[in-house]
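Engineer: For reference, the file target_31.pdb (PDB, C-alpha atoms) is included below:
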```
ATOM      1  CA  MET A 105       6.815  13.001  12.097
ATOM      2  CA  GLU A 106       8.313  10.020  13.930
ATOM      3  CA  PRO A 107       8.529   6.514  12.489
ATOM      4  CA  GLN A 108       5.407   4.483  13.206
ATOM      5  CA  PHE A 109       4.937   0.744  13.611
ATOM      6  CA  ILE A 110       1.413  -0.550  14.033
ATOM      7  CA  ARG A 111      -0.676  -3.684  14.046
ATOM      8  CA  PHE A 112      -3.678  -2.871  11.885
ATOM      9  CA  GLU A 113      -6.033  -4.801  14.157
ATOM     10  CA  ASP A 114      -5.016  -2.472  16.986
ATOM     11  CA  VAL A 115      -5.732   0.665  14.983
ATOM     12  CA  ARG A 116      -8.931   2.424  15.992
ATOM     13  CA  SER A 117     -11.377   1.884  13.186
ATOM     14  CA  PHE A 118     -13.816   4.271  11.606
ATOM     15  CA  VAL A 119     -16.792   3.403   9.498
ATOM     16  CA  LEU A 120     -17.165   4.612   5.956
ATOM     17  CA  ALA A 121     -20.453   3.924   4.224
ATOM     18  CA  GLU A 122     -18.839   0.954   2.523
ATOM     19  CA  GLY A 123     -16.910  -0.781   5.292
ATOM     20  CA  VAL A 124     -14.674  -0.652   8.327
ATOM     21  CA  SER A 125     -11.434   1.279   7.787
ATOM     22  CA  ARG A 126      -8.151   1.244   9.626
ATOM     23  CA  PRO A 127      -5.868   4.057   8.473
ATOM     24  CA  LEU A 128      -2.161   4.696   8.806
ATOM     25  CA  PHE A 129      -1.122   8.273   8.141
ATOM     26  CA  GLY A 130       2.145   9.536   6.772
ATOM     27  CA  GLU A 131       2.791  13.108   5.737
ATOM     28  CA  ARG A 132       2.674  12.693   1.964
ATOM     29  CA  GLY A 133       0.432   9.677   1.820
ATOM     30  CA  MET A 134      -1.611   7.184   3.794
ATOM     31  CA  LEU A 135      -2.646   3.564   3.852
ATOM     32  CA  ASN A 136      -6.245   2.582   4.527
ATOM     33  CA  LEU A 137      -7.076  -1.049   5.185
ATOM     34  CA  ILE A 138     -10.758  -1.583   4.465
ATOM     35  CA  GLU A 139     -12.847  -4.607   5.346
ATOM     36  CA  PHE A 140     -15.768  -4.555   2.961
ATOM     37  CA  GLU A 141     -18.956  -6.450   3.773
ATOM     38  CA  PRO A 142     -20.314  -8.999   1.316
ATOM     39  CA  GLY A 143     -21.826  -7.193  -1.624
ATOM     40  CA  ALA A 144     -20.651  -3.766  -0.429
ATOM     41  CA  VAL A 145     -21.146  -1.004  -2.982
ATOM     42  CA  VAL A 146     -19.211   2.255  -3.243
ATOM     43  CA  PRO A 147     -21.204   4.831  -5.218
ATOM     44  CA  LEU A 148     -19.604   6.780  -8.066
ATOM     45  CA  HIS A 149     -17.353   9.490  -6.687
ATOM     46  CA  SER A 150     -14.079  11.226  -7.330
ATOM     47  CA  HIS A 151     -11.392  13.027  -5.371
ATOM     48  CA  PRO A 152      -8.285  14.923  -6.375
ATOM     49  CA  HIS A 153      -6.060  12.441  -4.490
ATOM     50  CA  GLU A 154      -4.199   9.778  -6.427
ATOM     51  CA  GLN A 155      -5.333   6.327  -5.281
ATOM     52  CA  LEU A 156      -3.416   3.078  -5.593
ATOM     53  CA  GLY A 157      -4.258  -0.193  -3.978
ATOM     54  CA  ILE A 158      -4.238  -3.937  -3.816
ATOM     55  CA  VAL A 159      -6.940  -6.489  -3.075
ATOM     56  CA  LEU A 160      -5.800  -8.833  -0.298
ATOM     57  CA  ARG A 161      -8.870 -11.072   0.110
ATOM     58  CA  GLY A 162     -12.166 -11.518  -1.696
ATOM     59  CA  MET A 163     -13.104  -9.572  -4.809
ATOM     60  CA  GLN A 164     -13.557  -5.899  -5.426
ATOM     61  CA  ALA A 165     -14.512  -4.528  -8.808
ATOM     62  CA  LEU A 166     -13.579  -0.984  -9.728
ATOM     63  CA  VAL A 167     -15.742   0.700 -12.326
ATOM     64  CA  VAL A 168     -14.319   3.522 -14.442
ATOM     65  CA  ASP A 169     -16.151   4.965 -17.439
ATOM     66  CA  GLY A 170     -18.736   2.226 -17.126
ATOM     67  CA  VAL A 171     -16.142  -0.556 -17.397
ATOM     68  CA  ALA A 172     -15.839  -2.889 -14.392
ATOM     69  CA  ARG A 173     -12.541  -4.566 -13.548
ATOM     70  CA  GLU A 174     -12.953  -7.387 -11.056
ATOM     71  CA  LEU A 175      -9.828  -7.498  -8.901
ATOM     72  CA  GLN A 176      -8.877 -10.702  -7.125
ATOM     73  CA  PRO A 177      -6.282 -11.079  -4.343
ATOM     74  CA  MET A 178      -2.865  -9.713  -5.312
ATOM     75  CA  GLU A 179      -4.300  -7.582  -8.061
ATOM     76  CA  GLY A 180      -3.623  -3.860  -7.911
ATOM     77  CA  TYR A 181      -4.750  -0.614  -9.433
ATOM     78  CA  VAL A 182      -3.923   3.049  -9.903
ATOM     79  CA  LEU A 183      -6.613   5.702 -10.159
ATOM     80  CA  PRO A 184      -5.166   9.085 -11.020
ATOM     81  CA  GLY A 185      -6.630  11.992  -9.065
ATOM     82  CA  GLY A 186      -9.961  13.201 -10.408
ATOM     83  CA  VAL A 187     -10.972   9.925 -12.073
ATOM     84  CA  ALA A 188     -14.593   9.134 -11.197
ATOM     85  CA  HIS A 189     -14.992   5.580  -9.974
ATOM     86  CA  SER A 190     -17.400   3.273  -8.212
ATOM     87  CA  ALA A 191     -16.865  -0.165  -6.754
ATOM     88  CA  TYR A 192     -18.649  -3.310  -5.706
ATOM     89  CA  CYS A 193     -17.548  -6.376  -3.812
ATOM     90  CA  GLY A 194     -18.285 -10.052  -4.214
ATOM     91  CA  PRO A 195     -20.407 -12.263  -1.966
ATOM     92  CA  ASP A 196     -17.507 -12.812   0.427
ATOM     93  CA  GLY A 197     -16.718  -9.123   0.772
ATOM     94  CA  ALA A 198     -13.133  -7.994   0.365
ATOM     95  CA  LEU A 199     -10.088  -6.855   2.257
ATOM     96  CA  VAL A 200      -8.459  -4.014   0.340
ATOM     97  CA  LEU A 201      -5.438  -1.860   1.051
ATOM     98  CA  ASP A 202      -5.965   1.590  -0.430
ATOM     99  CA  VAL A 203      -3.170   4.120  -0.669
ATOM    100  CA  PHE A 204      -3.845   7.824  -1.077
ATOM    101  CA  SER A 205      -1.533  10.697  -1.845
ATOM    102  CA  PRO A 206      -1.867  13.325  -0.594
ATOM    103  CA  VAL A 207      -3.415  12.319   2.732
ATOM    104  CA  ARG A 208      -7.222  12.246   2.752
ATOM    105  CA  GLU A 209      -7.864  14.987   5.292
ATOM    106  CA  ASP A 210     -11.552  14.028   5.276
ATOM    107  CA  TYR A 211     -10.562  10.537   6.457
ATOM    108  CA  ALA A 212      -8.221  11.997   9.069
ATOM    109  CA  LYS A 213     -11.066  14.130  10.391
ATOM    110  CA  ARG A 214     -13.551  11.231  10.491
ATOM    111  CA  TRP A 215     -10.981   9.027  12.157
ATOM    112  CA  GLN A 216     -10.268  11.691  14.793
ATOM    113  CA  GLU A 217     -13.975  12.143  15.422
ATOM    114  CA  ALA A 218     -14.454   8.379  15.798
ATOM    115  CA  GLY A 219     -11.848   8.317  18.583
TER     116      GLY A 219
ATOM    117  CA  MET B 256      -1.834   9.006 -16.656
ATOM    118  CA  GLU B 257      -4.583   6.474 -17.339
ATOM    119  CA  PRO B 258      -6.114   4.194 -14.695
ATOM    120  CA  GLN B 259      -4.181   0.953 -14.315
ATOM    121  CA  PHE B 260      -5.344  -2.493 -13.239
ATOM    122  CA  ILE B 261      -2.721  -5.181 -12.836
ATOM    123  CA  ARG B 262      -2.119  -8.662 -11.500
ATOM    124  CA  PHE B 263       1.114  -8.412  -9.549
ATOM    125  CA  GLU B 264       2.245 -11.845 -10.720
ATOM    126  CA  ASP B 265       2.039 -10.556 -14.297
ATOM    127  CA  VAL B 266       4.167  -7.501 -13.568
ATOM    128  CA  ARG B 267       7.692  -7.733 -14.889
ATOM    129  CA  SER B 268       9.944  -8.146 -11.900
ATOM    130  CA  PHE B 269      13.265  -6.571 -11.125
ATOM    131  CA  VAL B 270      15.795  -7.723  -8.612
ATOM    132  CA  LEU B 271      16.945  -5.545  -5.766
ATOM    133  CA  ALA B 272      19.781  -6.820  -3.632
ATOM    134  CA  GLU B 273      17.244  -7.956  -1.099
ATOM    135  CA  GLY B 274      14.572  -9.680  -3.161
ATOM    136  CA  VAL B 275      12.302  -9.775  -6.194
ATOM    137  CA  SER B 276      10.230  -6.627  -6.679
ATOM    138  CA  ARG B 277       7.077  -5.983  -8.651
ATOM    139  CA  PRO B 278       6.286  -2.275  -8.826
ATOM    140  CA  LEU B 279       3.151  -0.326  -9.703
ATOM    141  CA  PHE B 280       3.760   3.305 -10.523
ATOM    142  CA  GLY B 281       1.425   6.227 -10.018
ATOM    143  CA  GLU B 282       2.411   9.850 -10.463
ATOM    144  CA  ARG B 283       2.678  10.879  -6.817
ATOM    145  CA  GLY B 284       3.475   7.496  -5.360
ATOM    146  CA  MET B 285       4.121   3.852  -6.063
ATOM    147  CA  LEU B 286       3.559   0.395  -4.668
ATOM    148  CA  ASN B 287       6.353  -2.159  -4.609
ATOM    149  CA  LEU B 288       5.545  -5.761  -3.776
ATOM    150  CA  ILE B 289       8.711  -7.460  -2.596
ATOM    151  CA  GLU B 290       9.270 -11.155  -2.086
ATOM    152  CA  PHE B 291      12.163 -11.435   0.339
ATOM    153  CA  GLU B 292      14.175 -14.611   0.568
ATOM    154  CA  PRO B 293      14.586 -16.373   3.910
ATOM    155  CA  GLY B 294      16.943 -14.375   6.080
ATOM    156  CA  ALA B 295      17.195 -11.497   3.577
ATOM    157  CA  VAL B 296      18.995  -8.463   4.927
ATOM    158  CA  VAL B 297      18.628  -4.855   3.777
ATOM    159  CA  PRO B 298      21.664  -2.797   4.793
ATOM    160  CA  LEU B 299      21.262   0.547   6.552
ATOM    161  CA  HIS B 300      20.224   3.210   4.074
ATOM    162  CA  SER B 301      18.027   6.246   3.727
ATOM    163  CA  HIS B 302      16.177   8.099   1.002
ATOM    164  CA  PRO B 303      14.227  11.334   0.955
ATOM    165  CA  HIS B 304      11.049   9.481  -0.039
ATOM    166  CA  GLU B 305       8.419   8.782   2.589
ATOM    167  CA  GLN B 306       7.919   5.023   2.939
ATOM    168  CA  LEU B 307       4.868   3.251   4.299
ATOM    169  CA  GLY B 308       4.133  -0.426   4.118
ATOM    170  CA  ILE B 309       2.539  -3.572   5.374
ATOM    171  CA  VAL B 310       3.867  -7.085   5.889
ATOM    172  CA  LEU B 311       1.625  -9.606   4.123
ATOM    173  CA  ARG B 312       3.444 -12.876   4.838
ATOM    174  CA  GLY B 313       6.421 -13.940   6.947
ATOM    175  CA  MET B 314       8.334 -11.527   9.166
ATOM    176  CA  GLN B 315      10.315  -8.442   8.384
ATOM    177  CA  ALA B 316      12.032  -6.425  11.066
ATOM    178  CA  LEU B 317      12.730  -2.742  10.498
ATOM    179  CA  VAL B 318      15.606  -1.281  12.442
ATOM    180  CA  VAL B 319      15.663   2.442  13.210
ATOM    181  CA  ASP B 320      18.162   4.023  15.594
ATOM    182  CA  GLY B 321      19.353   0.546  16.538
ATOM    183  CA  VAL B 322      15.890  -0.579  17.620
ATOM    184  CA  ALA B 323      14.395  -3.524  15.724
ATOM    185  CA  ARG B 324      10.630  -3.859  15.291
ATOM    186  CA  GLU B 325       9.629  -7.308  14.079
ATOM    187  CA  LEU B 326       6.572  -6.918  11.886
ATOM    188  CA  GLN B 327       4.240  -9.845  11.348
ATOM    189  CA  PRO B 328       1.486 -10.125   8.724
ATOM    190  CA  MET B 329      -0.956  -7.225   8.809
ATOM    191  CA  GLU B 330       1.462  -5.012  10.659
ATOM    192  CA  GLY B 331       2.361  -1.697   9.078
ATOM    193  CA  TYR B 332       4.851   1.094   9.349
ATOM    194  CA  VAL B 333       5.674   4.649   8.337
ATOM    195  CA  LEU B 334       9.228   5.817   7.793
ATOM    196  CA  PRO B 335       9.397   9.551   7.172
ATOM    197  CA  GLY B 336      11.750  10.612   4.397
ATOM    198  CA  GLY B 337      15.385  10.737   5.460
ATOM    199  CA  VAL B 338      15.091   8.234   8.337
ATOM    200  CA  ALA B 339      17.968   5.746   8.132
ATOM    201  CA  HIS B 340      16.734   2.176   8.366
ATOM    202  CA  SER B 341      17.833  -1.385   7.828
ATOM    203  CA  ALA B 342      15.802  -4.561   7.728
ATOM    204  CA  TYR B 343      16.017  -8.296   8.106
ATOM    205  CA  CYS B 344      13.593 -11.098   7.424
ATOM    206  CA  GLY B 345      12.774 -14.293   9.240
ATOM    207  CA  PRO B 346      13.582 -17.859   8.183
ATOM    208  CA  ASP B 347      10.521 -18.022   5.938
ATOM    209  CA  GLY B 348      11.299 -14.768   4.143
ATOM    210  CA  ALA B 349       8.566 -12.202   3.809
ATOM    211  CA  LEU B 350       6.119 -10.704   1.376
ATOM    212  CA  VAL B 351       5.976  -6.954   1.938
ATOM    213  CA  LEU B 352       4.074  -4.197   0.211
ATOM    214  CA  ASP B 353       6.106  -1.000   0.320
ATOM    215  CA  VAL B 354       4.653   2.355  -0.652
ATOM    216  CA  PHE B 355       6.836   5.291  -1.614
ATOM    217  CA  SER B 356       5.995   8.920  -2.196
ATOM    218  CA  PRO B 357       7.273  10.496  -4.324
ATOM    219  CA  VAL B 358       7.964   7.764  -6.874
ATOM    220  CA  ARG B 359      11.385   6.104  -6.553
ATOM    221  CA  GLU B 360      12.891   7.155  -9.869
ATOM    222  CA  ASP B 361      15.828   4.836  -9.178
ATOM    223  CA  TYR B 362      13.387   1.908  -9.028
ATOM    224  CA  ALA B 363      11.643   3.093 -12.201
ATOM    225  CA  LYS B 364      15.000   3.188 -13.972
ATOM    226  CA  ARG B 365      16.024  -0.276 -12.752
ATOM    227  CA  TRP B 366      12.645  -1.672 -13.689
ATOM    228  CA  GLN B 367      12.869  -0.165 -17.190
ATOM    229  CA  GLU B 368      16.365  -1.561 -17.596
ATOM    230  CA  ALA B 369      15.191  -5.022 -16.503
ATOM    231  CA  GLY B 370      12.542  -5.046 -19.275
TER     232      GLY B 370
END
```
Mind turning this structure into structure tokens?
Structural biologist:
Amino acid sequence: MEPQFIRFEDVRSFVLAEGVSRPLFGERGMLNLIEFEPGAVVPLHSHPHEQLGIVLRGMQALVVDGVARELQPMEGYVLPGGVAHSAYCGPDGALVLDVFSPVREDYAKRWQEAG
Amino acid sequence: MEPQFIRFEDVRSFVLAEGVSRPLFGERGMLNLIEFEPGAVVPLHSHPHEQLGIVLRGMQALVVDGVARELQPMEGYVLPGGVAHSAYCGPDGALVLDVFSPVREDYAKRWQEAG
């Protein structure tokens, strides 16, 4: 893989149920910049991929084991692989940078198909 | 590992040559939020870890093979493991979120020692 330098606004987007995503793929991991709509809800789900992230704008709450943590800008999180989680955003939506390792091949496929 | 939820400003910082770092460690990867001083310079170096990141404020240029890419806010990059790179920041410094996979054990050690 070659080095990559991108402007996220120039990255082709793909739509997940919960918002508009702009991904950046490495080999071991990936970034995914998601613009969530006001009040967006992510249903309970899990995946084997480790997920880390940071809220950049707005509020996103992550719910694990029934406990909601409301994350404001510059607050971050780690969800080990396999941890079931849901999420909801505040009335202004949220801009969140998610990081996955390994790469979400399902995202890569959806992104390719959206091209 | 348990889920983690943190406010970066509450994370104990450690000082790299180039700026003040606040890390968040997962098992497969880590985030490192770095506040670079105006005009900060990172000498040419390489590491086997894959590095991805995004500039959040200010300007940071990454230099690979003698070519500088000046990254503005919301611009991202991927540096595959082993790619030699240097960096410099603009007159206002920069706030950059770096992502490494695997975890930088050297950072973990320095962070522990700074505690």
Engineer: Find the residues around Pro303 in chain B up to 9 Å (only C-alpha atoms counted), leave out those fewer than 6 positions away in its own chain, and share them as number ranges by chain.
Structural biologist: B: 335-338, 357
Engineer: Sorted by chain and rising residue number, list the residues of chain A at most 7 Å from chain B (counting all atoms listed in the file), each with its closest atom pair and distance in Å to one decimal, as a tab-separated table.
Structural biologist:
```
residue	atom	partner	partner_atom	distance
A:Met105	CA	B:Pro335	CA	6.5
A:Glu106	CA	B:Pro335	CA	6.9
A:Pro107	CA	B:Leu334	CA	4.8
A:Gln108	CA	B:Val333	CA	4.9
A:Phe109	CA	B:Tyr332	CA	4.3
A:Ile110	CA	B:Gly331	CA	5.2
A:Arg111	CA	B:Glu330	CA	4.2
A:Phe112	CA	B:Glu330	CA	5.7
A:Gly130	CA	B:Val333	CA	6.2
A:Arg132	CA	B:Ser356	CA	6.5
A:Gly133	CA	B:Ser356	CA	6.9
A:Glu154	CA	B:Arg283	CA	7.0
A:Met178	CA	B:Phe263	CA	6.0
A:Glu179	CA	B:Arg262	CA	4.2
A:Gly180	CA	B:Ile261	CA	5.2
A:Tyr181	CA	B:Phe260	CA	4.3
A:Val182	CA	B:Gln259	CA	4.9
A:Leu183	CA	B:Pro258	CA	4.8
A:Pro184	CA	B:Pro258	CA	6.2
A:Ser205	CA	B:Arg283	CA	6.5
```
Engineer: Quick one: chain B onto chain A, least squares on all Cα paired in order, result as a PDB file with C-alpha atoms, in the frame of the given file?
Structural biologist:
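Wrote selection.pdb, looks like this:
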```pdb
ATOM      1  CA  MET B 256       6.811  12.998  12.116  1.00  0.00           C
ATOM      2  CA  GLU B 257       8.312  10.022  13.939  1.00  0.00           C
ATOM      3  CA  PRO B 258       8.530   6.500  12.494  1.00  0.00           C
ATOM      4  CA  GLN B 259       5.403   4.473  13.202  1.00  0.00           C
ATOM      5  CA  PHE B 260       4.939   0.731  13.612  1.00  0.00           C
ATOM      6  CA  ILE B 261       1.414  -0.561  14.031  1.00  0.00           C
ATOM      7  CA  ARG B 262      -0.687  -3.700  14.062  1.00  0.00           C
ATOM      8  CA  PHE B 263      -3.679  -2.892  11.891  1.00  0.00           C
ATOM      9  CA  GLU B 264      -6.026  -4.824  14.170  1.00  0.00           C
ATOM     10  CA  ASP B 265      -5.002  -2.489  16.998  1.00  0.00           C
ATOM     11  CA  VAL B 266      -5.727   0.646  14.989  1.00  0.00           C
ATOM     12  CA  ARG B 267      -8.905   2.412  15.991  1.00  0.00           C
ATOM     13  CA  SER B 268     -11.371   1.872  13.197  1.00  0.00           C
ATOM     14  CA  PHE B 269     -13.794   4.258  11.602  1.00  0.00           C
ATOM     15  CA  VAL B 270     -16.778   3.402   9.502  1.00  0.00           C
ATOM     16  CA  LEU B 271     -17.160   4.605   5.957  1.00  0.00           C
ATOM     17  CA  ALA B 272     -20.440   3.917   4.227  1.00  0.00           C
ATOM     18  CA  GLU B 273     -18.827   0.968   2.540  1.00  0.00           C
ATOM     19  CA  GLY B 274     -16.944  -0.786   5.322  1.00  0.00           C
ATOM     20  CA  VAL B 275     -14.668  -0.658   8.349  1.00  0.00           C
ATOM     21  CA  SER B 276     -11.445   1.275   7.786  1.00  0.00           C
ATOM     22  CA  ARG B 277      -8.153   1.248   9.632  1.00  0.00           C
ATOM     23  CA  PRO B 278      -5.886   4.058   8.460  1.00  0.00           C
ATOM     24  CA  LEU B 279      -2.163   4.705   8.802  1.00  0.00           C
ATOM     25  CA  PHE B 280      -1.141   8.274   8.134  1.00  0.00           C
ATOM     26  CA  GLY B 281       2.142   9.536   6.766  1.00  0.00           C
ATOM     27  CA  GLU B 282       2.787  13.113   5.722  1.00  0.00           C
ATOM     28  CA  ARG B 283       2.661  12.697   1.949  1.00  0.00           C
ATOM     29  CA  GLY B 284       0.413   9.675   1.815  1.00  0.00           C
ATOM     30  CA  MET B 285      -1.621   7.191   3.785  1.00  0.00           C
ATOM     31  CA  LEU B 286      -2.663   3.568   3.853  1.00  0.00           C
ATOM     32  CA  ASN B 287      -6.257   2.587   4.523  1.00  0.00           C
ATOM     33  CA  LEU B 288      -7.088  -1.045   5.186  1.00  0.00           C
ATOM     34  CA  ILE B 289     -10.761  -1.587   4.467  1.00  0.00           C
ATOM     35  CA  GLU B 290     -12.841  -4.608   5.345  1.00  0.00           C
ATOM     36  CA  PHE B 291     -15.785  -4.560   2.966  1.00  0.00           C
ATOM     37  CA  GLU B 292     -18.944  -6.443   3.781  1.00  0.00           C
ATOM     38  CA  PRO B 293     -20.330  -8.996   1.331  1.00  0.00           C
ATOM     39  CA  GLY B 294     -21.823  -7.186  -1.627  1.00  0.00           C
ATOM     40  CA  ALA B 295     -20.647  -3.752  -0.429  1.00  0.00           C
ATOM     41  CA  VAL B 296     -21.136  -1.005  -2.975  1.00  0.00           C
ATOM     42  CA  VAL B 297     -19.211   2.266  -3.246  1.00  0.00           C
ATOM     43  CA  PRO B 298     -21.197   4.843  -5.222  1.00  0.00           C
ATOM     44  CA  LEU B 299     -19.597   6.780  -8.072  1.00  0.00           C
ATOM     45  CA  HIS B 300     -17.343   9.493  -6.705  1.00  0.00           C
ATOM     46  CA  SER B 301     -14.065  11.228  -7.343  1.00  0.00           C
ATOM     47  CA  HIS B 302     -11.389  13.027  -5.371  1.00  0.00           C
ATOM     48  CA  PRO B 303      -8.278  14.917  -6.382  1.00  0.00           C
ATOM     49  CA  HIS B 304      -6.081  12.442  -4.492  1.00  0.00           C
ATOM     50  CA  GLU B 305      -4.211   9.781  -6.424  1.00  0.00           C
ATOM     51  CA  GLN B 306      -5.344   6.329  -5.283  1.00  0.00           C
ATOM     52  CA  LEU B 307      -3.429   3.085  -5.605  1.00  0.00           C
ATOM     53  CA  GLY B 308      -4.270  -0.196  -3.986  1.00  0.00           C
ATOM     54  CA  ILE B 309      -4.236  -3.936  -3.818  1.00  0.00           C
ATOM     55  CA  VAL B 310      -6.938  -6.490  -3.079  1.00  0.00           C
ATOM     56  CA  LEU B 311      -5.800  -8.838  -0.306  1.00  0.00           C
ATOM     57  CA  ARG B 312      -8.864 -11.063   0.114  1.00  0.00           C
ATOM     58  CA  GLY B 313     -12.182 -11.509  -1.685  1.00  0.00           C
ATOM     59  CA  MET B 314     -13.105  -9.558  -4.807  1.00  0.00           C
ATOM     60  CA  GLN B 315     -13.556  -5.887  -5.422  1.00  0.00           C
ATOM     61  CA  ALA B 316     -14.504  -4.520  -8.805  1.00  0.00           C
ATOM     62  CA  LEU B 317     -13.563  -0.967  -9.732  1.00  0.00           C
ATOM     63  CA  VAL B 318     -15.730   0.699 -12.324  1.00  0.00           C
ATOM     64  CA  VAL B 319     -14.305   3.515 -14.444  1.00  0.00           C
ATOM     65  CA  ASP B 320     -16.117   4.957 -17.454  1.00  0.00           C
ATOM     66  CA  GLY B 321     -18.717   2.214 -17.113  1.00  0.00           C
ATOM     67  CA  VAL B 322     -16.137  -0.560 -17.387  1.00  0.00           C
ATOM     68  CA  ALA B 323     -15.841  -2.901 -14.398  1.00  0.00           C
ATOM     69  CA  ARG B 324     -12.531  -4.573 -13.548  1.00  0.00           C
ATOM     70  CA  GLU B 325     -12.949  -7.385 -11.042  1.00  0.00           C
ATOM     71  CA  LEU B 326      -9.830  -7.499  -8.904  1.00  0.00           C
ATOM     72  CA  GLN B 327      -8.884 -10.685  -7.101  1.00  0.00           C
ATOM     73  CA  PRO B 328      -6.281 -11.064  -4.339  1.00  0.00           C
ATOM     74  CA  MET B 329      -2.874  -9.706  -5.303  1.00  0.00           C
ATOM     75  CA  GLU B 330      -4.306  -7.572  -8.053  1.00  0.00           C
ATOM     76  CA  GLY B 331      -3.613  -3.857  -7.925  1.00  0.00           C
ATOM     77  CA  TYR B 332      -4.737  -0.618  -9.444  1.00  0.00           C
ATOM     78  CA  VAL B 333      -3.924   3.050  -9.925  1.00  0.00           C
ATOM     79  CA  LEU B 334      -6.615   5.694 -10.171  1.00  0.00           C
ATOM     80  CA  PRO B 335      -5.168   9.090 -11.024  1.00  0.00           C
ATOM     81  CA  GLY B 336      -6.625  11.992  -9.069  1.00  0.00           C
ATOM     82  CA  GLY B 337      -9.958  13.198 -10.409  1.00  0.00           C
ATOM     83  CA  VAL B 338     -10.973   9.916 -12.091  1.00  0.00           C
ATOM     84  CA  ALA B 339     -14.593   9.125 -11.209  1.00  0.00           C
ATOM     85  CA  HIS B 340     -14.973   5.569  -9.970  1.00  0.00           C
ATOM     86  CA  SER B 341     -17.398   3.279  -8.223  1.00  0.00           C
ATOM     87  CA  ALA B 342     -16.865  -0.154  -6.756  1.00  0.00           C
ATOM     88  CA  TYR B 343     -18.639  -3.301  -5.712  1.00  0.00           C
ATOM     89  CA  CYS B 344     -17.544  -6.367  -3.816  1.00  0.00           C
ATOM     90  CA  GLY B 345     -18.280 -10.038  -4.212  1.00  0.00           C
ATOM     91  CA  PRO B 346     -20.399 -12.257  -1.960  1.00  0.00           C
ATOM     92  CA  ASP B 347     -17.502 -12.810   0.434  1.00  0.00           C
ATOM     93  CA  GLY B 348     -16.706  -9.115   0.793  1.00  0.00           C
ATOM     94  CA  ALA B 349     -13.139  -7.995   0.367  1.00  0.00           C
ATOM     95  CA  LEU B 350     -10.094  -6.848   2.254  1.00  0.00           C
ATOM     96  CA  VAL B 351      -8.459  -4.015   0.332  1.00  0.00           C
ATOM     97  CA  LEU B 352      -5.446  -1.866   1.046  1.00  0.00           C
ATOM     98  CA  ASP B 353      -5.973   1.581  -0.437  1.00  0.00           C
ATOM     99  CA  VAL B 354      -3.184   4.126  -0.684  1.00  0.00           C
ATOM    100  CA  PHE B 355      -3.864   7.824  -1.094  1.00  0.00           C
ATOM    101  CA  SER B 356      -1.550  10.701  -1.856  1.00  0.00           C
ATOM    102  CA  PRO B 357      -1.874  13.340  -0.600  1.00  0.00           C
ATOM    103  CA  VAL B 358      -3.415  12.327   2.723  1.00  0.00           C
ATOM    104  CA  ARG B 359      -7.230  12.248   2.760  1.00  0.00           C
ATOM    105  CA  GLU B 360      -7.877  14.995   5.290  1.00  0.00           C
ATOM    106  CA  ASP B 361     -11.558  14.029   5.276  1.00  0.00           C
ATOM    107  CA  TYR B 362     -10.571  10.537   6.454  1.00  0.00           C
ATOM    108  CA  ALA B 363      -8.230  11.996   9.082  1.00  0.00           C
ATOM    109  CA  LYS B 364     -11.082  14.134  10.390  1.00  0.00           C
ATOM    110  CA  ARG B 365     -13.549  11.228  10.486  1.00  0.00           C
ATOM    111  CA  TRP B 366     -10.985   9.028  12.168  1.00  0.00           C
ATOM    112  CA  GLN B 367     -10.266  11.692  14.807  1.00  0.00           C
ATOM    113  CA  GLU B 368     -13.978  12.137  15.407  1.00  0.00           C
ATOM    114  CA  ALA B 369     -14.440   8.372  15.808  1.00  0.00           C
ATOM    115  CA  GLY B 370     -11.814   8.303  18.601  1.00  0.00           C
TER     116      GLY B 370
END
```
Engineer: Can you list, as a list in words, every protein, DNA or RNA residue that comes within 7 Å of Val167 in chain A when you count only C-alpha atoms, leaving out same-chain residues fewer than 2 positions away?
Structural biologist: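 In the requested format, the answer is Ala165, Asp169, Gly170, Val171, Ala172, Arg173, His189, Ser190 and Ala191 of chain A.
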Engineer: So what do you get for CA of Gln216 in chain A versus CA of Glu139 in chain A, distance-wise?
Structural biologist: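 Separation between CA of Gln216 in chain A and CA of Glu139 in chain A: 19.0 Å.
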Engineer: If I take CA of Val358 in chain B and CA of Val146 in chain A, how far is one from the other in Å, to one decimal?
Structural biologist: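 Straight-line distance from CA of Val358 in chain B to CA of Val146 in chain A works out to 28.0 Å.
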Engineer: Quick check, in Å to one decimal: how far apart do CA of Glu122 in chain A and CA of Asp353 in chain B lie?
Structural biologist: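 Pair CA of Glu122 in chain A / CA of Asp353 in chain B returns 25.1 Å.
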